[in-house]
>>> print(open('start.pdb').read())   # PDB, C-alpha atoms
MODEL        1
ATOM      1  CA  MET A  20      -2.335  30.515  28.769
ATOM      2  CA  LEU A  21      -1.549  29.039  32.184
ATOM      3  CA  ASP A  22       1.208  26.450  32.359
ATOM      4  CA  ILE A  23      -0.263  23.153  33.564
ATOM      5  CA  THR A  24       3.161  22.053  34.865
ATOM      6  CA  ALA A  25       3.256  25.157  37.063
ATOM      7  CA  ILE A  26      -0.230  24.391  38.389
ATOM      8  CA  ALA A  27       0.782  20.789  39.124
ATOM      9  CA  THR A  28       3.948  21.973  40.879
ATOM     10  CA  PHE A  29       1.978  24.418  43.026
ATOM     11  CA  CYS A  30      -0.583  21.762  43.994
ATOM     12  CA  ARG A  31       2.138  19.314  44.924
ATOM     13  CA  ALA A  32       3.841  21.996  47.063
ATOM     14  CA  VAL A  33       0.581  22.646  48.932
ATOM     15  CA  GLU A  34       0.077  18.925  49.530
ATOM     16  CA  ALA A  35       3.671  18.345  50.661
ATOM     17  CA  GLY A  36       3.857  21.542  52.687
ATOM     18  CA  ASN A  37       7.460  21.707  51.620
ATOM     19  CA  LEU A  38       8.993  22.877  48.347
ATOM     20  CA  THR A  39      11.918  20.465  48.561
ATOM     21  CA  GLU A  40       9.653  17.431  48.953
ATOM     22  CA  ALA A  41       7.396  18.623  46.137
ATOM     23  CA  ALA A  42      10.410  18.982  43.826
ATOM     24  CA  LYS A  43      11.607  15.469  44.686
ATOM     25  CA  ALA A  44       8.180  14.016  43.924
ATOM     26  CA  LEU A  45       8.176  15.739  40.534
ATOM     27  CA  HIS A  46      11.806  14.792  39.782
ATOM     28  CA  ILE A  47      12.877  18.417  39.396
ATOM     29  CA  THR A  48      15.147  20.690  41.393
ATOM     30  CA  LYS A  49      13.865  22.981  44.126
ATOM     31  CA  SER A  50      14.919  26.020  42.103
ATOM     32  CA  VAL A  51      12.865  24.853  39.102
ATOM     33  CA  ALA A  52       9.838  24.277  41.329
ATOM     34  CA  SER A  53      10.249  27.732  42.852
ATOM     35  CA  ARG A  54      10.501  29.392  39.420
ATOM     36  CA  ARG A  55       7.362  27.610  38.203
ATOM     37  CA  ILE A  56       5.337  28.776  41.183
ATOM     38  CA  GLN A  57       6.700  32.302  40.943
ATOM     39  CA  ALA A  58       5.762  32.410  37.236
ATOM     40  CA  LEU A  59       2.249  31.206  38.131
ATOM     41  CA  GLU A  60       1.914  33.893  40.783
ATOM     42  CA  GLU A  61       2.995  36.552  38.282
ATOM     43  CA  GLU A  62       0.565  35.220  35.672
ATOM     44  CA  LEU A  63      -2.360  35.242  38.120
ATOM     45  CA  GLY A  64      -1.281  38.466  39.820
ATOM     46  CA  VAL A  65      -1.676  37.062  43.338
ATOM     47  CA  ARG A  66       0.548  35.567  46.021
ATOM     48  CA  LEU A  67      -0.141  31.838  46.293
ATOM     49  CA  LEU A  68       2.212  30.617  49.035
ATOM     50  CA  LYS A  69       3.371  31.840  52.425
ATOM     51  CA  ARG A  70       6.930  30.694  53.003
ATOM     52  CA  SER A  71       8.539  30.076  56.423
ATOM     53  CA  THR A  72      11.371  28.028  57.871
ATOM     54  CA  ARG A  73       8.869  25.230  58.510
ATOM     55  CA  GLY A  74       7.723  25.035  54.875
ATOM     56  CA  VAL A  75       4.980  26.554  52.731
ATOM     57  CA  THR A  76       1.238  27.071  53.237
ATOM     58  CA  PRO A  77      -1.282  28.464  50.767
ATOM     59  CA  THR A  78      -2.619  31.989  51.054
ATOM     60  CA  GLU A  79      -6.378  32.556  50.906
ATOM     61  CA  GLU A  80      -6.096  33.074  47.162
ATOM     62  CA  GLY A  81      -3.720  30.110  46.970
ATOM     63  CA  THR A  82      -6.287  27.847  48.622
ATOM     64  CA  ALA A  83      -8.859  28.749  45.955
ATOM     65  CA  VAL A  84      -6.318  28.175  43.157
ATOM     66  CA  TYR A  85      -5.295  24.857  44.722
ATOM     67  CA  GLU A  86      -8.886  23.588  44.826
ATOM     68  CA  ARG A  87      -9.459  24.548  41.193
ATOM     69  CA  GLY A  88      -6.021  23.245  40.158
ATOM     70  CA  VAL A  89      -6.670  19.814  41.677
ATOM     71  CA  ARG A  90      -9.867  19.538  39.631
ATOM     72  CA  ILE A  91      -8.039  20.593  36.444
ATOM     73  CA  ILE A  92      -5.320  17.984  36.971
ATOM     74  CA  SER A  93      -7.941  15.333  37.732
ATOM     75  CA  ASP A  94      -9.810  16.211  34.527
ATOM     76  CA  LEU A  95      -6.598  15.921  32.520
ATOM     77  CA  ASP A  96      -5.870  12.516  34.049
ATOM     78  CA  ASP A  97      -9.387  11.423  33.084
ATOM     79  CA  LEU A  98      -8.780  12.713  29.553
ATOM     80  CA  LYS A  99      -5.589  10.664  29.265
ATOM     81  CA  THR A 100      -7.447   7.566  30.458
ATOM     82  CA  GLU A 101     -10.262   8.127  27.960
ATOM     83  CA  ALA A 102      -7.765   8.659  25.162
ATOM     84  CA  GLY A 103      -6.021   5.411  26.083
ATOM     85  CA  CYS A 104      -9.350   3.567  26.003
ATOM     86  CA  ALA A 105     -10.149   5.151  22.649
ATOM     87  CA  ARG A 106      -6.825   3.901  21.282
ATOM     88  CA  GLN A 107      -7.662   0.405  22.480
ATOM     89  CA  HIS A 108     -11.137   0.556  20.877
ATOM     90  CA  LEU A 109     -10.619   2.479  17.660
ATOM     91  CA  THR A 110     -13.666   3.473  15.634
ATOM     92  CA  GLY A 111     -14.433   5.743  12.717
ATOM     93  CA  ASN A 112     -13.415   6.340   9.125
ATOM     94  CA  ILE A 113      -9.926   7.141   7.818
ATOM     95  CA  ARG A 114      -9.910   9.070   4.550
ATOM     96  CA  MET A 115      -6.568   8.437   2.901
ATOM     97  CA  THR A 116      -4.826   8.947  -0.424
ATOM     98  CA  ALA A 117      -1.882   6.886  -1.637
ATOM     99  CA  PRO A 118       0.073   6.162  -4.847
ATOM    100  CA  LYS A 119      -2.021   3.970  -7.129
ATOM    101  CA  SER A 120       0.424   1.191  -7.934
ATOM    102  CA  PHE A 121       1.805   1.024  -4.379
ATOM    103  CA  GLY A 122      -1.741   0.891  -3.046
ATOM    104  CA  GLU A 123      -2.680  -1.937  -5.365
ATOM    105  CA  THR A 124       0.457  -4.041  -4.881
ATOM    106  CA  VAL A 125       1.649  -3.418  -1.312
ATOM    107  CA  LEU A 126      -0.671  -1.306   0.827
ATOM    108  CA  MET A 127      -3.756  -3.507   1.025
ATOM    109  CA  ASP A 128      -2.075  -6.156   3.182
ATOM    110  CA  PRO A 129      -1.315  -3.810   6.129
ATOM    111  CA  ILE A 130      -4.708  -2.094   5.742
ATOM    112  CA  ALA A 131      -6.460  -5.468   5.904
ATOM    113  CA  ALA A 132      -4.431  -6.495   8.960
ATOM    114  CA  PHE A 133      -5.206  -3.195  10.701
ATOM    115  CA  MET A 134      -8.931  -3.514   9.973
ATOM    116  CA  GLN A 135      -8.988  -7.075  11.279
ATOM    117  CA  ALA A 136      -7.358  -5.890  14.514
ATOM    118  CA  ASN A 137      -9.686  -2.856  14.697
ATOM    119  CA  PRO A 138     -13.095  -3.862  13.270
ATOM    120  CA  GLY A 139     -14.578  -0.479  14.204
ATOM    121  CA  VAL A 140     -12.338   1.351  11.707
ATOM    122  CA  THR A 141     -13.288   1.869   8.065
ATOM    123  CA  PHE A 142     -11.208   3.275   5.214
ATOM    124  CA  GLU A 143     -11.944   5.519   2.285
ATOM    125  CA  LEU A 144      -8.911   4.942   0.070
ATOM    126  CA  ASP A 145      -8.243   7.195  -2.907
ATOM    127  CA  LEU A 146      -5.449   5.793  -5.080
ATOM    128  CA  SER A 147      -3.791   8.311  -7.363
ATOM    129  CA  ASP A 148      -0.300   9.030  -8.615
ATOM    130  CA  GLU A 149      -1.131  12.732  -8.872
ATOM    131  CA  ARG A 150      -0.012  15.175  -6.162
ATOM    132  CA  VAL A 151      -3.401  15.631  -4.530
ATOM    133  CA  ASP A 152      -4.255  18.527  -2.219
ATOM    134  CA  VAL A 153      -4.251  16.749   1.153
ATOM    135  CA  THR A 154      -5.750  19.578   3.194
ATOM    136  CA  GLY A 155      -8.100  20.911   0.545
ATOM    137  CA  GLY A 156      -9.239  17.401  -0.308
ATOM    138  CA  GLY A 157     -10.240  16.720   3.283
ATOM    139  CA  TYR A 158      -7.873  13.775   3.715
ATOM    140  CA  ASP A 159      -6.866  12.566   7.157
ATOM    141  CA  LEU A 160      -3.685  11.048   5.789
ATOM    142  CA  ALA A 161      -1.621  10.802   2.623
ATOM    143  CA  LEU A 162       1.093   8.340   1.688
ATOM    144  CA  ARG A 163       3.676   9.564  -0.780
ATOM    145  CA  ILE A 164       6.774   8.075  -2.394
ATOM    146  CA  ALA A 165       9.491  10.651  -2.955
ATOM    147  CA  ALA A 166      13.186  11.361  -2.651
ATOM    148  CA  SER A 167      12.316  14.538  -0.734
ATOM    149  CA  LEU A 168       9.211  16.483   0.217
ATOM    150  CA  ASP A 169       8.351  20.110  -0.356
ATOM    151  CA  ASP A 170       4.912  20.313   1.287
ATOM    152  CA  SER A 171       5.670  22.837   4.009
ATOM    153  CA  ALA A 172       2.035  22.809   5.181
ATOM    154  CA  LEU A 173       2.137  19.072   5.930
ATOM    155  CA  ILE A 174       3.688  17.083   8.754
ATOM    156  CA  ALA A 175       5.687  14.141   7.381
ATOM    157  CA  ARG A 176       6.834  10.881   8.922
ATOM    158  CA  ARG A 177       9.273   8.635   7.076
ATOM    159  CA  ILE A 178       7.851   5.114   7.059
ATOM    160  CA  LEU A 179      10.003   3.028   4.749
ATOM    161  CA  PRO A 180      13.127   3.477   2.576
ATOM    162  CA  LEU A 181      12.587   2.336  -1.013
ATOM    163  CA  GLU A 182      15.282   1.276  -3.454
ATOM    164  CA  SER A 183      15.074   2.227  -7.136
ATOM    165  CA  LEU A 184      16.617   0.012  -9.816
ATOM    166  CA  VAL A 185      17.511   0.458 -13.465
ATOM    167  CA  VAL A 186      16.037  -2.563 -15.263
ATOM    168  CA  ALA A 187      15.563  -4.043 -18.723
ATOM    169  CA  SER A 188      14.501  -7.361 -20.188
ATOM    170  CA  PRO A 189      17.161  -9.903 -21.248
ATOM    171  CA  GLU A 190      15.726  -9.776 -24.768
ATOM    172  CA  TYR A 191      16.173  -6.008 -24.975
ATOM    173  CA  LEU A 192      19.751  -6.193 -23.709
ATOM    174  CA  GLU A 193      20.596  -8.986 -26.142
ATOM    175  CA  ARG A 194      19.213  -6.883 -28.976
ATOM    176  CA  ARG A 195      20.665  -3.510 -27.991
ATOM    177  CA  GLY A 196      23.566  -4.304 -25.684
ATOM    178  CA  THR A 197      23.999  -3.674 -21.947
ATOM    179  CA  PRO A 198      24.858  -0.129 -20.754
ATOM    180  CA  GLN A 199      28.029  -0.092 -18.663
ATOM    181  CA  VAL A 200      27.913   3.530 -17.485
ATOM    182  CA  PRO A 201      25.032   6.047 -17.344
ATOM    183  CA  GLU A 202      26.395   7.866 -20.398
ATOM    184  CA  ASP A 203      25.595   4.739 -22.471
ATOM    185  CA  LEU A 204      21.878   5.314 -21.872
ATOM    186  CA  LYS A 205      21.898   8.049 -24.521
ATOM    187  CA  ALA A 206      22.026   5.318 -27.159
ATOM    188  CA  HIS A 207      19.099   3.378 -25.650
ATOM    189  CA  ASP A 208      15.320   3.523 -25.517
ATOM    190  CA  CYS A 209      14.089   4.571 -22.078
ATOM    191  CA  ILE A 210      10.639   4.451 -20.499
ATOM    192  CA  PHE A 211       9.584   7.534 -18.559
ATOM    193  CA  TYR A 212       7.313   8.197 -15.597
ATOM    194  CA  ARG A 213       5.216  11.298 -16.258
ATOM    195  CA  ASN A 214       4.623  12.449 -12.662
ATOM    196  CA  VAL A 215       8.293  12.949 -11.804
ATOM    197  CA  THR A 216       9.808  16.349 -12.529
ATOM    198  CA  ALA A 217      12.525  16.172 -15.188
ATOM    199  CA  SER A 218      11.841  12.465 -15.753
ATOM    200  CA  GLU A 219      13.941  12.514 -18.920
ATOM    201  CA  GLN A 220      16.986  13.667 -16.926
ATOM    202  CA  TRP A 221      18.227  10.598 -15.049
ATOM    203  CA  ARG A 222      20.639  11.220 -12.179
ATOM    204  CA  PHE A 223      23.131   8.783 -10.686
ATOM    205  CA  ASP A 224      25.829   8.672  -8.008
ATOM    206  CA  GLY A 225      29.011   6.678  -8.552
ATOM    207  CA  ALA A 226      32.563   6.346  -7.374
ATOM    208  CA  HIS A 227      33.531   9.543  -9.179
ATOM    209  CA  GLY A 228      30.561  11.588  -8.030
ATOM    210  CA  PRO A 229      27.129  12.424  -9.413
ATOM    211  CA  MET A 230      26.204  12.185 -13.067
ATOM    212  CA  SER A 231      23.157  13.426 -14.946
ATOM    213  CA  VAL A 232      22.150  11.961 -18.314
ATOM    214  CA  LYS A 233      19.441  13.177 -20.676
ATOM    215  CA  VAL A 234      17.745  10.128 -22.189
ATOM    216  CA  ASN A 235      15.121   9.477 -24.846
ATOM    217  CA  GLY A 236      12.563   6.798 -25.475
ATOM    218  CA  PRO A 237       9.321   5.657 -27.066
ATOM    219  CA  LEU A 238       6.974   5.624 -24.054
ATOM    220  CA  ILE A 239       5.914   7.921 -21.234
ATOM    221  CA  THR A 240       3.233   6.895 -18.724
ATOM    222  CA  ASN A 241       1.820   7.871 -15.346
ATOM    223  CA  SER A 242       1.768   4.240 -14.186
ATOM    224  CA  GLY A 243       4.665   2.363 -12.635
ATOM    225  CA  VAL A 244       2.936  -0.924 -13.444
ATOM    226  CA  ALA A 245       2.762   0.092 -17.112
ATOM    227  CA  GLN A 246       6.463   1.016 -17.021
ATOM    228  CA  ALA A 247       7.346  -2.402 -15.626
ATOM    229  CA  ARG A 248       5.252  -4.236 -18.199
ATOM    230  CA  ALA A 249       6.731  -2.158 -21.021
ATOM    231  CA  ALA A 250      10.226  -3.038 -19.826
ATOM    232  CA  ILE A 251       9.296  -6.732 -19.588
ATOM    233  CA  ALA A 252       7.964  -6.520 -23.154
ATOM    234  CA  GLY A 253      11.373  -5.297 -24.301
ATOM    235  CA  LEU A 254      10.377  -1.726 -25.158
ATOM    236  CA  GLY A 255      13.273  -0.182 -23.282
ATOM    237  CA  ILE A 256      15.016   0.566 -19.999
ATOM    238  CA  ALA A 257      13.123   1.831 -16.935
ATOM    239  CA  ILE A 258      13.924   3.112 -13.452
ATOM    240  CA  LEU A 259      11.467   1.698 -10.931
ATOM    241  CA  PRO A 260      11.135   1.056  -7.180
ATOM    242  CA  ARG A 261      11.998  -2.535  -6.372
ATOM    243  CA  PHE A 262       8.435  -3.393  -5.298
ATOM    244  CA  PHE A 263       7.256  -2.944  -8.905
ATOM    245  CA  VAL A 264       9.770  -5.374 -10.349
ATOM    246  CA  HIS A 265      10.632  -7.793  -7.536
ATOM    247  CA  GLN A 266       8.812 -10.784  -9.036
ATOM    248  CA  ALA A 267      10.027 -10.042 -12.561
ATOM    249  CA  LEU A 268      13.604  -9.935 -11.242
ATOM    250  CA  CYS A 269      13.116 -13.231  -9.404
ATOM    251  CA  ASP A 270      11.829 -15.059 -12.483
ATOM    252  CA  GLY A 271      14.287 -13.471 -14.902
ATOM    253  CA  ARG A 272      11.886 -11.388 -16.976
ATOM    254  CA  LEU A 273      13.886  -8.310 -15.958
ATOM    255  CA  VAL A 274      17.507  -7.864 -14.924
ATOM    256  CA  PRO A 275      19.134  -4.972 -13.047
ATOM    257  CA  ILE A 276      21.795  -2.951 -14.846
ATOM    258  CA  LEU A 277      24.284  -0.218 -13.910
ATOM    259  CA  GLY A 278      24.747  -1.837 -10.512
ATOM    260  CA  ASP A 279      27.810   0.273  -9.713
ATOM    261  CA  TRP A 280      25.757   3.446 -10.029
ATOM    262  CA  PHE A 281      23.191   4.403  -7.437
ATOM    263  CA  ARG A 282      19.949   6.265  -7.803
ATOM    264  CA  ARG A 283      18.944   8.876  -5.231
ATOM    265  CA  PRO A 284      17.177   6.903  -2.439
ATOM    266  CA  MET A 285      13.436   7.296  -2.126
ATOM    267  CA  ALA A 286      11.109   6.640   0.788
ATOM    268  CA  LEU A 287       7.478   6.152   1.682
ATOM    269  CA  TYR A 288       6.195   9.052   3.779
ATOM    270  CA  ALA A 289       3.005   9.491   5.780
ATOM    271  CA  LEU A 290       1.717  13.066   5.649
ATOM    272  CA  TYR A 291      -1.087  14.802   7.478
ATOM    273  CA  PRO A 292      -2.281  18.408   7.747
ATOM    274  CA  GLU A 293      -0.274  20.546  10.145
ATOM    275  CA  LYS A 294      -3.200  22.548  11.473
ATOM    276  CA  ARG A 295      -5.259  19.543  12.496
ATOM    277  CA  LEU A 296      -4.659  17.441  15.594
ATOM    278  CA  MET A 297      -4.147  13.925  14.291
ATOM    279  CA  PRO A 298      -7.146  11.725  15.232
ATOM    280  CA  ILE A 299      -6.239   8.804  17.474
ATOM    281  CA  LYS A 300      -7.267   6.246  14.836
ATOM    282  CA  VAL A 301      -5.033   7.897  12.220
ATOM    283  CA  GLY A 302      -2.030   8.024  14.556
ATOM    284  CA  ALA A 303      -2.611   4.393  15.460
ATOM    285  CA  PHE A 304      -2.660   3.401  11.783
ATOM    286  CA  VAL A 305       0.541   5.335  11.025
ATOM    287  CA  ASP A 306       2.246   3.587  13.981
ATOM    288  CA  PHE A 307       0.897   0.245  12.745
ATOM    289  CA  LEU A 308       2.196   0.904   9.228
ATOM    290  CA  ALA A 309       5.667   1.806  10.511
ATOM    291  CA  ASP A 310       5.746  -1.349  12.670
ATOM    292  CA  TRP A 311       4.455  -3.462   9.765
ATOM    293  CA  PHE A 312       7.412  -2.565   7.571
ATOM    294  CA  THR A 313       9.965  -3.304  10.287
ATOM    295  CA  ASP A 314       9.095  -6.987   9.780
ATOM    296  CA  PRO A 315      11.628  -8.485   7.325
ATOM    297  CA  ASP A 316       8.889 -10.643   5.764
ATOM    298  CA  HIS A 317       6.798  -7.565   5.006
ATOM    299  CA  ARG A 318       9.788  -5.649   3.618
ATOM    300  CA  LYS A 319      10.771  -8.462   1.279
ATOM    301  CA  GLY A 320      10.863  -7.173  -2.275
ATOM    302  CA  LEU A 321      10.753  -3.516  -1.241
TER     303      LEU A 321
ENDMDL
END
>>> encode(input="start.pdb", output="structure tokens")
Amino acid sequence: MLDITAIATFCRAVEAGNLTEAAKALHITKSVASRRIQALEEELGVRLLKRSTRGVTPTEEGTAVYERGVRIISDLDDLKTEAGCARQHLTGNIRMTAPKSFGETVLMDPIAAFMQANPGVTFELDLSDERVDVTGGGYDLALRIAASLDDSALIARRILPLESLVVASPEYLERRGTPQVPEDLKAHDCIFYRNVTASEQWRFDGAHGPMSVKVNGPLITNSGVAQARAAIAGLGIAILPRFFVHQALCDGRLVPILGDWFRRPMALYALYPEKRLMPIKVGAFVDFLADWFTDPDHRKGL
């Protein structure tokens, strides 16, 4: 495939009549400009420029390539302009999947704001805590909360760091006592999240390094909201992202414990299929989402 930068360099050299001036206009060195043109000549198998002490002039073949090259560059400039207009006037549907509880509690505000700013865009939002097949499911975009990602076939962009907390109700802690170190959790009831691998093996980092504790408990669920409500009801101790429990922490229905021990940080990621060029509307929404969560008011409680 021909290098468009080489074509542009050649066209600028023809117009300037001088390789040095062409290089200056393109903010490159003369040697780089010369190598680009030489590579283009080798690719096409023809001599494009006649060089003399006075400068450069196109050969007969070079004149034909110049005329075609100018049209190609003009078409690309038009394409950039059209793409910019399309970004300003976004239309079409975005098919997206996202974690259920995050979608219900946090995601709808930025989606609503984006749709108000871009009334031509519609959303098909599939909320699920299962690991859906993004490419096979025909999704334009997936949001996922994870400590790390292993989807090698997907392009990922980190949108937002998320803090996880170990929480319990005051009533539970009064009844069963407050764990002081992760090892104490073995004597407590814990509430598990089904969709996390090895959810019964809770891992922490502290001043003396990492620690892993196998815990037990009366409830396992695939819903973070259900985990939070079970913890509020005093059924046990749960590990949850802050956005699930922010209000319950504020009003005292839950309290954080094991504050000197840290859970592995998680993050919200935007993922899209690697083999598909991201549609302009999808890229615009991902940018909007990243900007949205840079606002301290929007990050409150996350």
>>> atom_distance(input="start.pdb", atom1="CA of Glu86 in chain A", atom2="CA of Cys30 in chain A")
8.5 Å
>>> resolve_selection(input="start.pdb", expression="the PyMOL selection byres ((chain A and resi 146) around 12)", output="list in words")
Arg114, Met115, Thr116, Ala117, Pro118, Lys119, Ser120, Phe121, Gly122, Glu123, Thr124, Leu126, Met127, Glu143, Leu144, Asp145, Ser147, Asp148, Glu149, Arg150, Val151, Ala161, Leu162, Arg163 and Ser242 of chain A
>>> closest_residue(input="start.pdb", among="A:Ala249, A:Ala289, A:Asp169, A:Ile23", to="Arg90 in chain A", atoms="all atoms listed in the file")
A:Ile23
>>> resolve_selection(input="start.pdb", expression="the PyMOL selection byres ((chain A and resi 243) around 8)", output="ChimeraX atom specification")
/A:120,212,240-242,244-247,259,263
>>> write_last_selection(input="start.pdb", atoms="C-alpha atoms", output="PDB file, keeping the file's coordinate frame")
ATOM      1  CA  SER A 120       0.424   1.191  -7.934  1.00  0.00           C
ATOM      2  CA  TYR A 212       7.313   8.197 -15.597  1.00  0.00           C
ATOM      3  CA  THR A 240       3.233   6.895 -18.724  1.00  0.00           C
ATOM      4  CA  ASN A 241       1.820   7.871 -15.346  1.00  0.00           C
ATOM      5  CA  SER A 242       1.768   4.240 -14.186  1.00  0.00           C
ATOM      6  CA  VAL A 244       2.936  -0.924 -13.444  1.00  0.00           C
ATOM      7  CA  ALA A 245       2.762   0.092 -17.112  1.00  0.00           C
ATOM      8  CA  GLN A 246       6.463   1.016 -17.021  1.00  0.00           C
ATOM      9  CA  ALA A 247       7.346  -2.402 -15.626  1.00  0.00           C
ATOM     10  CA  LEU A 259      11.467   1.698 -10.931  1.00  0.00           C
ATOM     11  CA  PHE A 263       7.256  -2.944  -8.905  1.00  0.00           C
TER      12      PHE A 263
END
>>> resolve_selection(input="start.pdb", expression="the PyMOL selection byres ((chain A and resi 33) around 9)", output="list in words")
Thr28, Phe29, Cys30, Arg31, Ala32, Glu34, Ala35, Gly36, Asn37, Leu38, Ala41, Leu68, Val75, Thr76, Pro77, Gly81, Thr82 and Tyr85 of chain A
>>> atom_distance(input="start.pdb", atom1="CA of Pro198 in chain A", atom2="CA of Val186 in chain A")
10.7 Å
>>> atom_distance(input="start.pdb", atom1="CA of Pro237 in chain A", atom2="CA of Cys269 in chain A")
26.1 Å
>>> closest_residue(input="start.pdb", among="A:Gly155, A:Gly74, A:Leu109, A:Gln199", to="Thr141 in chain A", atoms="only C-alpha atoms")
A:Leu109
>>> residues_around(input="start.pdb", residues="Gly278 in chain A", least_positions_apart="3", cutoff="9 Å", atoms="all atoms listed in the file", output="compact mmCIF listing (two decimals) with C-alpha atoms, in the coordinates of the input")
# COMPACT_ATOMS: atom_id res chain seq x y z
CA LEU A 184 16.62 0.01 -9.82
CA VAL A 185 17.51 0.46 -13.46
CA GLN A 199 28.03 -0.09 -18.66
CA PRO A 275 19.13 -4.97 -13.05
CA PHE A 281 23.19 4.40 -7.44
>>> residues_around(input="start.pdb", residues="range 220-234 of chain A", least_positions_apart="6", cutoff="7 Å", atoms="all atoms listed in the file", output="ChimeraX atom specification")
/A:201-202,204-205,209,279-283
>>> residues_around(input="start.pdb", residues="Val274 in chain A", least_positions_apart="2", cutoff="8 Å", atoms="all atoms listed in the file", output="ChimeraX atom specification")
/A:186-189,268,271-272,276
>>> write_last_selection(input="start.pdb", atoms="C-alpha atoms", output="mmCIF file, in the frame of the given file")
data_model
loop_
_atom_site.group_PDB
_atom_site.id
_atom_site.type_symbol
_atom_site.label_atom_id
_atom_site.label_comp_id
_atom_site.auth_asym_id
_atom_site.auth_seq_id
_atom_site.Cartn_x
_atom_site.Cartn_y
_atom_site.Cartn_z
ATOM 1 C CA VAL A 186 16.037 -2.563 -15.263
ATOM 2 C CA ALA A 187 15.563 -4.043 -18.723
ATOM 3 C CA SER A 188 14.501 -7.361 -20.188
ATOM 4 C CA PRO A 189 17.161 -9.903 -21.248
ATOM 5 C CA LEU A 268 13.604 -9.935 -11.242
ATOM 6 C CA GLY A 271 14.287 -13.471 -14.902
ATOM 7 C CA ARG A 272 11.886 -11.388 -16.976
ATOM 8 C CA ILE A 276 21.795 -2.951 -14.846
#
>>> closest_residue(input="start.pdb", among="A:Leu59, A:Ile251, A:Ile299, A:Ile164", to="Leu181 in chain A", atoms="all atoms listed in the file")
A:Ile164
>>> axis_aligned_box(input="start.pdb", around="range 276-289 of chain A", padding_each_side="3 Å", output="JSON")
{"center_x": 15.4, "center_y": 3.3, "center_z": -4.5, "size_x": 30.8, "size_y": 18.4, "size_z": 26.6}
>>> residues_around(input="start.pdb", residues="Thr154 in chain A", least_positions_apart="5", cutoff="9 Å", atoms="all atoms listed in the file", output="PDB file with C-alpha atoms, keeping the file's coordinate frame")
ATOM      1  CA  ASP A 159      -6.866  12.566   7.157  1.00  0.00           C
ATOM      2  CA  ALA A 172       2.035  22.809   5.181  1.00  0.00           C
ATOM      3  CA  LEU A 173       2.137  19.072   5.930  1.00  0.00           C
ATOM      4  CA  TYR A 291      -1.087  14.802   7.478  1.00  0.00           C
ATOM      5  CA  PRO A 292      -2.281  18.408   7.747  1.00  0.00           C
ATOM      6  CA  GLU A 293      -0.274  20.546  10.145  1.00  0.00           C
TER       7      GLU A 293
END
>>> closest_residue(input="start.pdb", among="A:Phe142, A:Val264, A:Val200, A:Tyr191", to="Ala252 in chain A", atoms="all atoms listed in the file")
A:Tyr191
>>> residues_around(input="start.pdb", residues="Phe307 in chain A", least_positions_apart="3", cutoff="10 Å", atoms="only C-alpha atoms", output="PyMOL selection string")
chain A and resi 129-130+132-133+301-304+310-312
>>> closest_residue(input="start.pdb", among="A:Ala25, A:Val89, A:Ala58, A:Met297", to="Leu45 in chain A", atoms="all atoms listed in the file")
A:Ala25
